[in-house]
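What follows is a short report on a single structure.
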Amino acid sequence: MNGHSPHHDELLPAYALGALDGEDLHELETHLASGCAACRGQLALWQGDLEELAASVPPVTPSAHTRQRVLRLAGGRGESAPAPRRPLARWALLAAAASLLIAVGSGWRQARLGNELERLGAERDRLAREVAGLDQQLGLARAEAQRMAESLAIIASPGTRAVQLAGLETAPQASGQAFVSPQRGQAVFYAFQLPQPEPGKTYQLWRIGPGGPVSAGIFDVDERGTGSVRVEHVAPAGQIQVWAVTVEPAGGVPQPTGAMVLKG
């Protein structure tokens with residue numbers, strides 16, 4: 001049994017008017033023969049509406065020219081044939097009804113097409129947002145990969161020195177490690193198990209030498225208490241006596257003001 005589809009609904013008005021032919025006619029008749037109750041019910045409605053429409057309009061007397069053309073097409077006898085007023089009126093009415101049904105069907109198809117275009121447009125916008133989000137994630141991943149590559153280059157540089165930082169009284173479980181490369185004049189610092197700073201606060205790394213503390217950068221920590229910062233223009237190892245981390249206002253300060261949490 002052929003399955004019912006919206007295409008069958010589109011064919012029924014033309015079939016009711018006898019205006020269907022070719023493959024469409026064969027398809028619909030095969031479908032109707034399969035016993036589709038929905039299509040048979042719709043066909044009956046269309047046929048009943050057309051009959052009511054034909055009966056509701058008064059007969060129209062055609063012009064002589066129109067009468068001759070219709071009689072010729074119908075195989076009639078031309079001028080001598082009596083004027084078939086009622087059948088001609090029904091023929092004209094059905095022709096008008098056919099035009100109306102075609103217009104209605106066209107409008108219905110356009111509405112369906114408009115809805116489909118709207119759905120496809122919404123789907124396109126959703127996919128565009130997903131692609132934009134993936135592009136952003138890809139950009140972040142590439143930036144993180146670049147930072148990791150630069151940090152590894154510092155750690156693997158010849159002559160790199162590792163400095164251990166221990167947690168102080170305010171964060172005894174915390175620890176830190178700085179990798180200092182005299183050859184590159186750079187360092188990379190990692191902190192572990194630091195508590196989340198209070199709102200409006202951040203961690204700040206310091207390198208302390210004979211001239212006093214010099215800021216080496218600020219950093220935040222994730223939910224595990226892990227954070228890192230890369231340091232540029234590091235002074236020679238002999239000029240750095242201590243590395244330390246303090247808790248400072250967000251954005252950092254020129255000189256340390258908060259509690260020291262790591263030192264080494």
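Numbering starts fresh at 1 for the residues of each chain in the structure tokens, the chains themselves are lettered A, B, ... in the order given, and ligands are numbered from 1 as they appear.
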
- Item | Close residues, Val221 of chain A itself excluded, 10 Å, only C-alpha atoms, min 4 positions apart in chain, as number ranges by chain | A: 190-197, 202-203, 225-228

- Message: With only C-alpha atoms as the counted atoms, please give the residues lying no more than 10 Å from Gly3 of chain A, apart from itself and same-chain residues fewer than 5 positions off, as a PyMOL selection string.
- Response: chain A and resi 8+31+34+36

Output N, CA and C atoms for every residue in the selection just made, as a PDB file, in the first residue's frame.
```pdb
ATOM      1  N   HIS A   8       0.272  14.040  -2.261  1.00  0.00           N
ATOM      2  CA  HIS A   8      -1.058  13.574  -2.655  1.00  0.00           C
ATOM      3  C   HIS A   8      -2.109  14.641  -2.358  1.00  0.00           C
ATOM      4  N   HIS A  31      -2.666   5.487  -5.673  1.00  0.00           N
ATOM      5  CA  HIS A  31      -2.754   5.723  -4.232  1.00  0.00           C
ATOM      6  C   HIS A  31      -4.187   5.612  -3.742  1.00  0.00           C
ATOM      7  N   SER A  34      -5.326   2.155  -3.406  1.00  0.00           N
ATOM      8  CA  SER A  34      -4.748   1.435  -2.274  1.00  0.00           C
ATOM      9  C   SER A  34      -5.618   1.540  -1.029  1.00  0.00           C
ATOM     10  N   CYS A  36      -6.558   4.664   0.656  1.00  0.00           N
ATOM     11  CA  CYS A  36      -6.212   5.731   1.595  1.00  0.00           C
ATOM     12  C   CYS A  36      -7.481   6.484   2.003  1.00  0.00           C
TER      13      CYS A  36
END
```

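Excluding Thr257 of chain A itself and same-chain residues fewer than 6 positions from it, the residues having an atom within 9 Å of it are Thr246, Val247, Glu248 and Pro249 of chain A, counting only C-alpha atoms.
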
Please produce a file of those selected residues containing N, CA and C atoms, as an mmCIF file, in the first residue's frame.
```cif
data_model
loop_
_atom_site.group_PDB
_atom_site.id
_atom_site.type_symbol
_atom_site.label_atom_id
_atom_site.label_comp_id
_atom_site.auth_asym_id
_atom_site.auth_seq_id
_atom_site.Cartn_x
_atom_site.Cartn_y
_atom_site.Cartn_z
ATOM 1 N N THR A 246 53.053 36.839 46.509
ATOM 2 C CA THR A 246 52.202 37.496 47.499
ATOM 3 C C THR A 246 50.782 37.629 46.944
ATOM 4 N N VAL A 247 49.850 37.910 47.852
ATOM 5 C CA VAL A 247 48.465 38.168 47.463
ATOM 6 C C VAL A 247 48.302 39.682 47.369
ATOM 7 N N GLU A 248 47.892 40.166 46.173
ATOM 8 C CA GLU A 248 47.812 41.599 45.928
ATOM 9 C C GLU A 248 46.465 41.965 45.282
ATOM 10 N N PRO A 249 46.149 43.271 45.247
ATOM 11 C CA PRO A 249 44.924 43.702 44.549
ATOM 12 C C PRO A 249 44.972 43.311 43.074
#
```

- Message: I'd like the contact shell of Ser215 of chain A - 10 Å cut-off, only C-alpha atoms, skipping same-chain residues fewer than 2 positions apart - returned as a list in words.
- Response: Gln204, Leu205, Trp206, Arg207, Ile208, Pro213, Gly217, Ile218, Val231, Ala244, Val245, Gly252, Val253, Pro254, Gln255 and Pro256 of chain A

- Message: Taking only C-alpha atoms into account, name the residue in A:Arg126, A:Gln110, A:Lys263, A:Ile240 that is nearest to Gln177 of chain A.
- Response: A:Lys263

- Near segment 183-185 of chain A, counting only C-alpha atoms, which residues have an atom at most 12 Å away, once you skip same-chain residues fewer than 2 positions from it, shown as a PyMOL selection string? chain A and resi 150-151+153-161+179-181+187-188+230-237

- Using only C-alpha atoms, which of the listed residues (A:Pro199, A:Gly22, A:Gly209, A:Gly41) sits closest to Asp9 of chain A? A:Gly41
